[in-house]
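Notes follow the structure.
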Amino acid sequence: MYTLKRLLVVLAMCCFMNTLLAQENPELGTTISEEDLAPWDISIQPNGSGLPPGSGSVSDGEVIYQQKCIACHGVEGTEGPYDVLVSNQLQQVRAIGSYWPYASTVFDYIRRAMPFNLPQSLTDDEVYAVTAYLLYRNGIISEDSIMTANSLANVEMPNESGFDLAYPTEKSMEEMSE
Ligand code: HEC
């Protein structure tokens, strides 16, 4: 009896699958509009492609940091209670200066995820500014720097060469064998 029931279930599933496969698509949902997609389409590549227009200075970033970040990352950025954000290359602490390979990723991360309690509440200019401040505090850019799509993409991070690519490209393979 049990086996017969199972056979019937399998047969029913096969009929259902056949109907699905006969159609070109399952005809569910609607195509997303450009406007609805835009808030999700915020990824920035290591070379800076995807960075939005706008700019921010180290000094503006300091104000934003003090208002919106110190509660969780500390006045100095070194003492928590949550993640340490400031280190120099010599310290054995995982932070922006010692670990992150691309400055554009710092922008991407802050824009999509911080402040932790209110993600995506900062304007692009504010994200440029607070990114500039954190890069400055990590000893990577000077105090009078202004970050824009162009200048941020050109920041060289100390640990850029500290990573192995999980999926090497042809170009990176060539570079490795040189
Ligand atoms: C309410 C607490 C809170 C506030 C406020 C906050 N953060 Fe964070 N932040 C966190 C936590 C928690 C993490 C770790 C998140 C994780 O690992 O998923 C984090 C992680 C980060 C990281 C990644 C650190 C690393 O190396 O992995 C950066 C950069 C960062 N925050 C920047 C900021 C900035 C800039 C602000 C202010 C605009 C801010 N955060 C405000 C809690 C906070």
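Ordered as shown in the structure tokens, chains take letters A, B, and onward, while each chain numbers its residues from 1 and ligands are numbered from 1 in the order shown.
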
Compile a residue-level contact table for chain A against ligand 1 at a cut-off of 6 Å, reporting for every qualifying residue the shortest atom pair and its distance in Å to one decimal, with only C-alpha atoms and all ligand atoms counted, rows ordered by chain and ascending number, as CSV.
residue,atom,partner,partner_atom_place_in_ligand_line,distance
A:Tyr65,CA,ligand 1,37 (C),5.4
A:Lys68,CA,ligand 1,37 (C),4.6
A:Cys69,CA,ligand 1,37 (C),3.5
A:Ala71,CA,ligand 1,5 (C),5.7
A:Cys72,CA,ligand 1,2 (C),4.4
A:Tyr82,CA,ligand 1,11 (C),5.4
A:Asp83,CA,ligand 1,24 (C),5.3
A:Leu85,CA,ligand 1,24 (C),5.7
A:Ala95,CA,ligand 1,26 (O),4.6
A:Ile96,CA,ligand 1,26 (O),5.4
A:Val106,CA,ligand 1,29 (C),5.9
A:Ile110,CA,ligand 1,32 (C),5.5
A:Met114,CA,ligand 1,39 (C),4.8
A:Pro115,CA,ligand 1,41 (C),3.6
A:Phe116,CA,ligand 1,43 (C),4.3
A:Asn117,CA,ligand 1,1 (C),4.8
A:Val130,CA,ligand 1,35 (C),5.7

Notebook entry, point to check: Which residues in range 6-176 of chain A does DSSP call strand (DSSP E)? List them as a ChimeraX atom specification.
Noted result: /A:55-57,146-148

Kindly save the residues from that selection, with N, CA and C atoms included, as a PDB file, in the first residue's frame.
ATOM      1  N   SER A  55      31.443  63.904  -2.943  1.00  0.00           N
ATOM      2  CA  SER A  55      32.775  64.065  -2.362  1.00  0.00           C
ATOM      3  C   SER A  55      32.654  64.284  -0.861  1.00  0.00           C
ATOM      4  N   GLY A  56      33.770  64.107  -0.179  1.00  0.00           N
ATOM      5  CA  GLY A  56      33.774  64.342   1.264  1.00  0.00           C
ATOM      6  C   GLY A  56      35.186  64.536   1.774  1.00  0.00           C
ATOM      7  N   SER A  57      35.318  65.425   2.767  1.00  0.00           N
ATOM      8  CA  SER A  57      36.651  65.732   3.310  1.00  0.00           C
ATOM      9  C   SER A  57      36.876  64.992   4.626  1.00  0.00           C
ATOM     10  N   ILE A 146      40.488  65.134  -0.119  1.00  0.00           N
ATOM     11  CA  ILE A 146      39.050  65.100  -0.429  1.00  0.00           C
ATOM     12  C   ILE A 146      38.822  63.798  -1.198  1.00  0.00           C
ATOM     13  N   MET A 147      37.864  63.024  -0.766  1.00  0.00           N
ATOM     14  CA  MET A 147      37.584  61.789  -1.494  1.00  0.00           C
ATOM     15  C   MET A 147      36.428  61.974  -2.472  1.00  0.00           C
ATOM     16  N   THR A 148      36.660  61.534  -3.710  1.00  0.00           N
ATOM     17  CA  THR A 148      35.640  61.524  -4.765  1.00  0.00           C
ATOM     18  C   THR A 148      35.745  60.135  -5.408  1.00  0.00           C
TER      19      THR A 148
END

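With CA of Gln67 in chain A on one side and CA of Val93 in chain A on the other, the separation reads 24.7 Å.
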
Next item on the list: Give me the residues within 12 Å of range 39-53 of chain A as a count of residues only, counting only C-alpha atoms and dropping any in the same chain fewer than 6 places off.
Entry: 35

Check: Could you pull out all residues of range 30-133 of chain A with a DSSP call of alpha helix (DSSP H) and give them as a ChimeraX atom specification?
Finding: /A:34-37,58-68,70-73,96-99,103-113,124-133

Save out the residues we just selected, C-alpha atoms, as a tab-separated table (two decimals), in the first residue's frame.
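The resulting file, part_2.tsv, is reproduced below:
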chain	number	residue	atom	x	y	z
A	34	GLU	CA	15.13	50.17	-13.34
A	35	GLU	CA	13.77	52.38	-10.57
A	36	ASP	CA	13.03	49.46	-8.23
A	37	LEU	CA	16.36	47.84	-9.01
A	58	VAL	CA	38.51	64.29	6.27
A	59	SER	CA	37.28	67.12	8.50
A	60	ASP	CA	33.61	66.61	7.55
A	61	GLY	CA	34.14	62.89	8.14
A	62	GLU	CA	35.45	63.51	11.63
A	63	VAL	CA	32.19	65.25	12.59
A	64	ILE	CA	30.09	62.41	11.16
A	65	TYR	CA	32.29	59.84	12.90
A	66	GLN	CA	31.81	61.57	16.23
A	67	GLN	CA	28.05	61.84	15.79
A	68	LYS	CA	27.27	58.46	14.31
A	70	ILE	CA	31.86	56.46	18.25
A	71	ALA	CA	29.16	54.76	20.32
A	72	CYS	CA	30.15	51.44	18.79
A	73	HIS	CA	33.68	51.97	17.45
A	96	ILE	CA	41.06	49.02	7.81
A	97	GLY	CA	44.74	49.95	7.49
A	98	SER	CA	46.15	46.51	8.23
A	99	TYR	CA	43.65	44.38	6.36
A	103	ALA	CA	39.47	51.71	-0.37
A	104	SER	CA	36.41	51.43	-2.62
A	105	THR	CA	35.28	48.41	-0.57
A	106	VAL	CA	35.41	50.49	2.62
A	107	PHE	CA	33.02	52.95	0.93
A	108	ASP	CA	30.77	50.12	-0.28
A	109	TYR	CA	30.65	48.51	3.17
A	110	ILE	CA	29.91	51.71	5.09
A	111	ARG	CA	27.28	52.79	2.57
A	112	ARG	CA	25.38	49.53	2.67
A	113	ALA	CA	25.83	48.52	6.32
A	124	ASP	CA	26.88	59.53	-0.55
A	125	ASP	CA	28.77	62.72	0.46
A	126	GLU	CA	28.67	61.60	4.10
A	127	VAL	CA	30.00	58.16	3.14
A	128	TYR	CA	32.85	59.78	1.15
A	129	ALA	CA	33.64	61.98	4.17
A	130	VAL	CA	33.62	59.28	6.84
A	131	THR	CA	35.61	56.95	4.54
A	132	ALA	CA	38.14	59.78	4.06
A	133	TYR	CA	38.36	60.26	7.83

Check: CA of Thr31 in chain A and CA of Leu122 in chain A, how far apart in Å?
Finding: 29.1 Å

Note to self: Using Å and a single decimal, report how far CA of Leu8 in chain A sits from CA of Leu28 in chain A.
What the structure shows: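 CA of Leu28 in chain A sits 27.1 Å away from CA of Leu8 in chain A.
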